[in-house]
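The structure file input.cif is reproduced below (mmCIF, C-alpha atoms).
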data_structure
#
loop_
_atom_site.label_atom_id
_atom_site.label_comp_id
_atom_site.auth_asym_id
_atom_site.auth_seq_id
_atom_site.Cartn_x
_atom_site.Cartn_y
_atom_site.Cartn_z
CA MET O 1 -9.67 -15.52 -14.60
CA ASN O 2 -8.97 -12.24 -12.83
CA GLN O 3 -6.07 -10.17 -14.08
CA ILE O 4 -3.92 -9.03 -11.16
CA LYS O 5 -1.16 -6.46 -11.29
CA VAL O 6 1.14 -5.55 -8.40
CA ILE O 7 2.66 -2.11 -7.80
CA ILE O 8 5.74 -1.96 -5.56
CA PRO O 9 7.13 1.49 -4.69
CA ALA O 10 10.83 1.09 -3.87
CA PHE O 11 13.55 3.43 -2.67
CA ASN O 12 16.98 1.81 -2.27
CA GLU O 13 15.69 -1.72 -1.68
CA ALA O 14 18.47 -3.54 -3.57
CA GLU O 15 18.87 -6.20 -0.87
CA SER O 16 15.20 -7.08 -0.61
CA ILE O 17 13.45 -6.37 -3.92
CA ALA O 18 14.27 -9.69 -5.63
CA LYS O 19 13.05 -11.62 -2.57
CA VAL O 20 9.74 -9.72 -2.71
CA ILE O 21 9.30 -10.35 -6.44
CA ASN O 22 10.21 -14.03 -6.19
CA ASP O 23 7.66 -14.66 -3.43
CA ILE O 24 4.72 -13.14 -5.32
CA PRO O 25 2.30 -15.91 -6.40
CA LYS O 26 2.30 -16.85 -10.08
CA ILE O 27 -1.37 -15.85 -10.47
CA VAL O 28 -0.12 -12.25 -10.83
CA ASP O 29 0.30 -11.35 -14.49
CA LYS O 30 2.52 -8.28 -14.05
CA ILE O 31 4.75 -6.94 -11.28
CA ILE O 32 5.60 -3.24 -11.53
CA VAL O 33 8.43 -1.88 -9.40
CA VAL O 34 8.56 1.90 -9.26
CA SER O 35 12.04 3.03 -8.27
CA ASN O 36 11.58 6.24 -6.31
CA ASN O 37 14.95 7.92 -6.89
CA SER O 38 16.94 4.81 -5.93
CA THR O 39 20.72 5.20 -6.00
CA ASP O 40 21.62 1.53 -5.47
CA GLN O 41 20.98 -1.63 -7.50
CA THR O 42 17.21 -1.69 -6.88
CA GLU O 43 16.31 -1.22 -10.55
CA THR O 44 18.82 -3.79 -11.86
CA ASN O 45 17.87 -6.39 -9.26
CA ALA O 46 14.14 -5.89 -9.89
CA GLN O 47 14.60 -6.28 -13.66
CA GLN O 48 16.68 -9.42 -13.21
CA ALA O 49 13.94 -10.87 -10.98
CA GLY O 50 11.41 -10.36 -13.80
CA ALA O 51 9.61 -7.16 -12.86
CA THR O 52 8.72 -4.23 -15.08
CA VAL O 53 10.74 -1.33 -13.69
CA LEU O 54 9.66 2.31 -13.84
CA SER O 55 11.53 5.32 -12.51
CA GLU O 56 9.93 8.18 -10.56
CA ASN O 57 12.41 10.86 -9.56
CA ARG O 58 9.99 12.93 -7.47
CA LYS O 59 10.40 11.57 -3.98
CA GLY O 60 7.26 10.34 -2.29
CA TYR O 61 5.33 7.10 -1.80
CA GLY O 62 2.27 8.55 -3.50
CA TYR O 63 4.28 9.75 -6.48
CA ALA O 64 5.58 6.20 -6.97
CA CYS O 65 2.11 4.64 -6.70
CA LEU O 66 0.64 7.17 -9.13
CA LYS O 67 3.46 6.43 -11.60
CA GLY O 68 2.55 2.75 -11.49
CA MET O 69 -1.12 3.54 -12.02
CA ASP O 70 -0.33 5.82 -14.95
CA TYR O 71 1.66 3.01 -16.59
CA ILE O 72 -1.23 0.56 -16.10
CA SER O 73 -3.72 3.04 -17.58
CA LYS O 74 -1.83 2.88 -20.89
CA LEU O 75 -1.81 -0.93 -21.12
CA GLU O 76 -4.12 -2.66 -23.54
CA ASN O 77 -5.12 -5.31 -20.98
CA LYS O 78 -6.44 -3.58 -17.90
CA PRO O 79 -6.34 -5.50 -14.62
CA ASP O 80 -9.31 -6.51 -12.51
CA ILE O 81 -7.36 -6.14 -9.27
CA ILE O 82 -4.41 -4.00 -8.19
CA VAL O 83 -2.26 -5.02 -5.23
CA PHE O 84 0.08 -2.58 -3.48
CA LEU O 85 3.03 -4.04 -1.62
CA ASP O 86 6.21 -2.67 -0.05
CA GLY O 87 9.64 -3.51 -1.44
CA ASP O 88 11.41 -4.04 1.89
CA TYR O 89 10.30 -7.67 2.50
CA SER O 90 8.38 -6.78 5.67
CA ASP O 91 5.17 -8.10 4.10
CA TYR O 92 4.80 -11.75 3.11
CA PRO O 93 4.10 -11.54 -0.66
CA GLU O 94 2.82 -15.12 -0.76
CA GLU O 95 -0.16 -13.93 1.33
CA LEU O 96 -1.42 -11.99 -1.68
CA THR O 97 -3.82 -14.87 -2.33
CA LYS O 98 -5.48 -14.20 1.05
CA LEU O 99 -5.97 -10.54 0.15
CA ILE O 100 -7.57 -11.08 -3.23
CA GLN O 101 -9.84 -13.91 -2.06
CA PRO O 102 -12.61 -11.63 -0.64
CA ILE O 103 -12.59 -9.63 -3.90
CA VAL O 104 -12.83 -12.68 -6.12
CA GLU O 105 -15.21 -14.77 -4.01
CA ASP O 106 -17.31 -12.19 -2.14
CA ASN O 107 -17.17 -9.19 -4.48
CA ILE O 108 -15.53 -6.98 -1.80
CA ASP O 109 -14.09 -3.75 -3.24
CA PHE O 110 -11.06 -3.19 -1.02
CA VAL O 111 -8.94 -5.40 1.26
CA ILE O 112 -6.22 -4.38 3.72
CA GLY O 113 -3.62 -6.71 5.13
CA ALA O 114 -3.86 -5.87 8.84
CA ARG O 115 -0.61 -6.15 10.78
CA VAL O 116 -2.22 -7.55 13.93
CA LYS O 117 -0.13 -7.81 17.07
CA GLY O 118 -0.12 -11.60 17.23
CA LEU O 119 1.32 -11.94 13.72
CA ARG O 120 3.93 -9.15 13.94
CA GLU O 121 7.56 -9.94 14.53
CA ASN O 122 9.03 -8.11 17.52
CA GLY O 123 10.36 -4.71 16.48
CA SER O 124 8.77 -4.82 13.01
CA MET O 125 6.66 -1.75 13.83
CA THR O 126 8.11 1.16 15.81
CA LYS O 127 6.26 2.73 18.74
CA PRO O 128 5.49 5.89 16.69
CA GLN O 129 4.07 3.67 13.93
CA ILE O 130 1.89 1.71 16.35
CA PHE O 131 0.63 4.90 18.02
CA GLY O 132 0.04 6.63 14.67
CA ASN O 133 -1.93 3.65 13.41
CA TRP O 134 -4.02 3.57 16.56
CA LEU O 135 -4.70 7.31 16.49
CA ALA O 136 -5.62 7.41 12.78
CA THR O 137 -7.91 4.38 12.89
CA THR O 138 -9.55 5.55 16.14
CA LEU O 139 -10.30 8.95 14.60
CA MET O 140 -11.73 7.24 11.51
CA LYS O 141 -13.88 5.06 13.75
CA PHE O 142 -15.39 8.06 15.54
CA MET O 143 -15.72 10.34 12.52
CA PHE O 144 -16.77 7.85 9.85
CA GLN O 145 -17.89 4.72 11.78
CA SER O 146 -15.00 2.88 10.18
CA THR O 147 -13.85 -0.58 11.29
CA PHE O 148 -10.26 -0.17 10.07
CA THR O 149 -7.56 -1.09 12.59
CA ASP O 150 -4.49 -0.54 10.40
CA LEU O 151 -3.04 1.63 7.62
CA GLY O 152 -1.13 -1.37 6.31
CA PRO O 153 0.69 -0.94 2.98
CA PHE O 154 -0.22 -4.45 1.74
CA ARG O 155 -3.62 -3.93 0.11
CA ALA O 156 -5.76 -5.08 -2.79
CA ILE O 157 -8.49 -3.18 -4.61
CA LYS O 158 -10.66 -3.61 -7.70
CA TYR O 159 -9.10 -1.59 -10.50
CA ASP O 160 -12.28 0.29 -11.39
CA LYS O 161 -12.79 1.22 -7.72
CA LEU O 162 -9.20 2.46 -7.48
CA LEU O 163 -9.79 4.76 -10.45
CA ALA O 164 -13.01 6.02 -8.85
CA LEU O 165 -11.04 7.12 -5.77
CA ASN O 166 -9.17 9.70 -7.85
CA MET O 167 -6.05 9.34 -5.69
CA GLU O 168 -3.94 12.46 -5.34
CA ASP O 169 -1.61 12.33 -2.31
CA LYS O 170 2.03 12.37 -3.37
CA THR O 171 3.79 11.39 -0.15
CA TYR O 172 2.98 9.94 3.27
CA GLY O 173 -0.80 10.32 3.13
CA TRP O 174 -1.42 7.84 0.31
CA THR O 175 -2.63 4.93 2.47
CA VAL O 176 -4.98 6.95 4.67
CA GLU O 177 -6.33 8.89 1.67
CA MET O 178 -7.32 5.60 0.04
CA GLN O 179 -9.09 4.38 3.18
CA LEU O 180 -10.92 7.67 3.73
CA LYS O 181 -12.14 7.76 0.14
CA VAL O 182 -13.28 4.13 0.35
CA LEU O 183 -15.35 5.16 3.40
CA LYS O 184 -16.69 8.32 1.75
CA GLN O 185 -17.72 6.46 -1.40
CA LYS O 186 -19.30 3.70 0.69
CA MET O 187 -17.27 0.95 -0.95
CA THR O 188 -17.20 -2.46 0.69
CA TYR O 189 -14.02 -3.30 2.57
CA ILE O 190 -12.52 -5.87 4.89
CA GLU O 191 -9.27 -6.45 6.79
CA ILE O 192 -7.40 -9.73 6.61
CA PRO O 193 -4.78 -10.42 9.31
CA VAL O 194 -1.33 -10.83 7.75
CA ASN O 195 2.13 -11.69 9.00
CA TYR O 196 4.67 -8.88 9.27
CA ARG O 197 8.42 -9.10 9.84
CA ASN O 198 11.36 -6.79 10.35
CA ARG O 199 12.20 -5.10 7.10
CA ILE O 200 15.52 -5.51 5.30
CA GLY O 201 17.42 -2.21 5.62
CA VAL O 202 16.35 1.01 7.34
CA SER O 203 12.85 2.47 7.02
CA LYS O 204 12.69 5.79 5.17
CA VAL O 205 9.64 6.87 7.19
CA SER O 206 9.44 5.24 10.60
CA GLY O 207 13.22 4.90 10.81
CA THR O 208 13.70 8.65 11.16
CA LEU O 209 12.11 11.14 13.55
CA LYS O 210 11.48 13.58 10.69
CA GLY O 211 9.81 10.86 8.62
CA ALA O 212 7.60 9.73 11.50
CA VAL O 213 6.51 13.31 12.31
CA MET O 214 5.86 14.22 8.66
CA ALA O 215 3.84 11.05 8.12
CA GLY O 216 1.79 11.74 11.26
CA VAL O 217 1.02 15.31 10.21
CA LYS O 218 -0.01 14.22 6.72
CA ILE O 219 -2.25 11.41 7.96
CA LEU O 220 -4.05 13.62 10.50
CA GLY O 221 -4.40 16.34 7.86
CA TRP O 222 -6.26 13.98 5.54
CA ILE O 223 -8.57 12.77 8.30
CA PHE O 224 -9.54 16.27 9.41
CA LYS O 225 -9.91 17.44 5.81
CA TYR O 226 -12.41 14.66 5.16
CA SER O 227 -14.28 15.19 8.40
CA PHE O 228 -15.43 18.56 7.06
CA LYS O 229 -16.36 17.40 3.55
#
Show how you would write the structure in this file as structure tokens.
Amino acid sequence: MNQIKVIIPAFNEAESIAKVINDIPKIVDKIIVVSNNSTDQTETNAQQAGATVLSENRKGYGYACLKGMDYISKLENKPDIIVFLDGDYSDYPEELTKLIQPIVEDNIDFVIGARVKGLRENGSMTKPQIFGNWLATTLMKFMFQSTFTDLGPFRAIKYDKLLALNMEDKTYGWTVEMQLKVLKQKMTYIEIPVNYRNRIGVSKVSGTLKGAVMAGVKILGWIFKYSFK
């Protein structure tokens, strides 16, 4: 039986975090919520819902993910698969079984939940998000012959492959860094279409102009950095 651990970075997701945790399939043996400087009841609500709660005071999506990975590295029982998932209830946690299936059955290294147009709720992705996704994945297609269509946050990866990526981005570039390194290391990957709904609360990235611009700059920076490596 594969050991599966879930890492959920969360910043002020008190209204949604318990819903996310409760919808995660029971095949997962540990759910780790990393509170990224939350000032509301995120940590309390996550604990009450049964998650292991860590605190990372340095703001940044990558910082939170790395904190979760550091915690896992110290556990006696290492997982076979790590799943990353947002804490805002925009993803459908019950679809985790779809994401891990290609890893378990077909030995695929890395799976992304692709937020395809037909399965997205109206308004769930902003125009800057849609454009940024298109631009990043188009550049990856031309530069690295990639078949990615999305930088979706809902993703599953073999634990040993995740360690081999030597992840380092601390903020907005985490998702694209992972995909670029998967391409560079010639790991096997696949996208699985997933449902996507309007998040609970306001997005900390796409919900602000500054966040959208900063994320775009970081993503393009990673792509161009890797095109010269």
Can you spell out as JSON, numbers by chain the set of residues that the PyMOL selection byres ((chain O and resi 225-227) around 12) selects in the structure I just provided?
{"O": [139, 140, 141, 142, 143, 144, 145, 173, 176, 177, 178, 179, 180, 181, 182, 183, 184, 185, 217, 218, 219, 220, 221, 222, 223, 224, 228, 229]}
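Shortest separation to O:Tyr159 among O:Ser35, O:Gln101, O:Asn22, O:Gln3 occurs at residue O:Gln3, atoms counted being all atoms listed in the file.
A straight line drawn from atom CA of O:Gly50 to atom CA of O:Val83 is 17.0 Å long.
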Need the shell around stretch 44-47 of chain O: protein/DNA/RNA residues with any atom at most 12 Å away, counting all atoms listed in the file. Skip same-chain ones fewer than 6 positions apart. Format as a PDB file with C-alpha atoms, keeping the file's coordinate frame?
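Contents of the output file result-v2.pdb:
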ATOM      1  CA  ILE O   8       5.740  -1.960  -5.560  1.00  0.00           C
ATOM      2  CA  PRO O   9       7.130   1.490  -4.690  1.00  0.00           C
ATOM      3  CA  ALA O  10      10.830   1.090  -3.870  1.00  0.00           C
ATOM      4  CA  PHE O  11      13.550   3.430  -2.670  1.00  0.00           C
ATOM      5  CA  ASN O  12      16.980   1.810  -2.270  1.00  0.00           C
ATOM      6  CA  GLU O  13      15.690  -1.720  -1.680  1.00  0.00           C
ATOM      7  CA  ALA O  14      18.470  -3.540  -3.570  1.00  0.00           C
ATOM      8  CA  GLU O  15      18.870  -6.200  -0.870  1.00  0.00           C
ATOM      9  CA  SER O  16      15.200  -7.080  -0.610  1.00  0.00           C
ATOM     10  CA  ILE O  17      13.450  -6.370  -3.920  1.00  0.00           C
ATOM     11  CA  ALA O  18      14.270  -9.690  -5.630  1.00  0.00           C
ATOM     12  CA  LYS O  19      13.050 -11.620  -2.570  1.00  0.00           C
ATOM     13  CA  VAL O  20       9.740  -9.720  -2.710  1.00  0.00           C
ATOM     14  CA  ILE O  21       9.300 -10.350  -6.440  1.00  0.00           C
ATOM     15  CA  ASN O  22      10.210 -14.030  -6.190  1.00  0.00           C
ATOM     16  CA  ILE O  31       4.750  -6.940 -11.280  1.00  0.00           C
ATOM     17  CA  ILE O  32       5.600  -3.240 -11.530  1.00  0.00           C
ATOM     18  CA  VAL O  33       8.430  -1.880  -9.400  1.00  0.00           C
ATOM     19  CA  VAL O  34       8.560   1.900  -9.260  1.00  0.00           C
ATOM     20  CA  SER O  35      12.040   3.030  -8.270  1.00  0.00           C
ATOM     21  CA  SER O  38      16.940   4.810  -5.930  1.00  0.00           C
ATOM     22  CA  VAL O  53      10.740  -1.330 -13.690  1.00  0.00           C
ATOM     23  CA  LEU O  54       9.660   2.310 -13.840  1.00  0.00           C
ATOM     24  CA  SER O  55      11.530   5.320 -12.510  1.00  0.00           C
ATOM     25  CA  GLY O  87       9.640  -3.510  -1.440  1.00  0.00           C
TER      26      GLY O  87
END
Computed interatomic separation between atom CA of O:Ile157 and atom CA of O:Ile103 (Å):
7.7 Å
Just to confirm, what's the straight-line distance from atom CA of O:Tyr92 to atom CA of O:Thr52 in Å (one decimal)?
20.1 Å
Just say which residues the PyMOL selection byres ((chain O and resi 66-72) around 7) picks in this file, as a PyMOL selection string.
chain O and resi 7+32+34+56+62-65+73-75+78
Only C-alpha atoms, please: the residues just picked out, written as a short mmCIF file (atom, residue, chain, number, x, y, z; two decimals), in the coordinates of the input.
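File again03.cif, as written:
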data_model
loop_
_atom_site.label_atom_id
_atom_site.label_comp_id
_atom_site.auth_asym_id
_atom_site.auth_seq_id
_atom_site.Cartn_x
_atom_site.Cartn_y
_atom_site.Cartn_z
CA ILE O 7 2.66 -2.11 -7.80
CA ILE O 32 5.60 -3.24 -11.53
CA VAL O 34 8.56 1.90 -9.26
CA GLU O 56 9.93 8.18 -10.56
CA GLY O 62 2.27 8.55 -3.50
CA TYR O 63 4.28 9.75 -6.48
CA ALA O 64 5.58 6.20 -6.97
CA CYS O 65 2.11 4.64 -6.70
CA SER O 73 -3.72 3.04 -17.58
CA LYS O 74 -1.83 2.88 -20.89
CA LEU O 75 -1.81 -0.93 -21.12
CA LYS O 78 -6.44 -3.58 -17.90
#
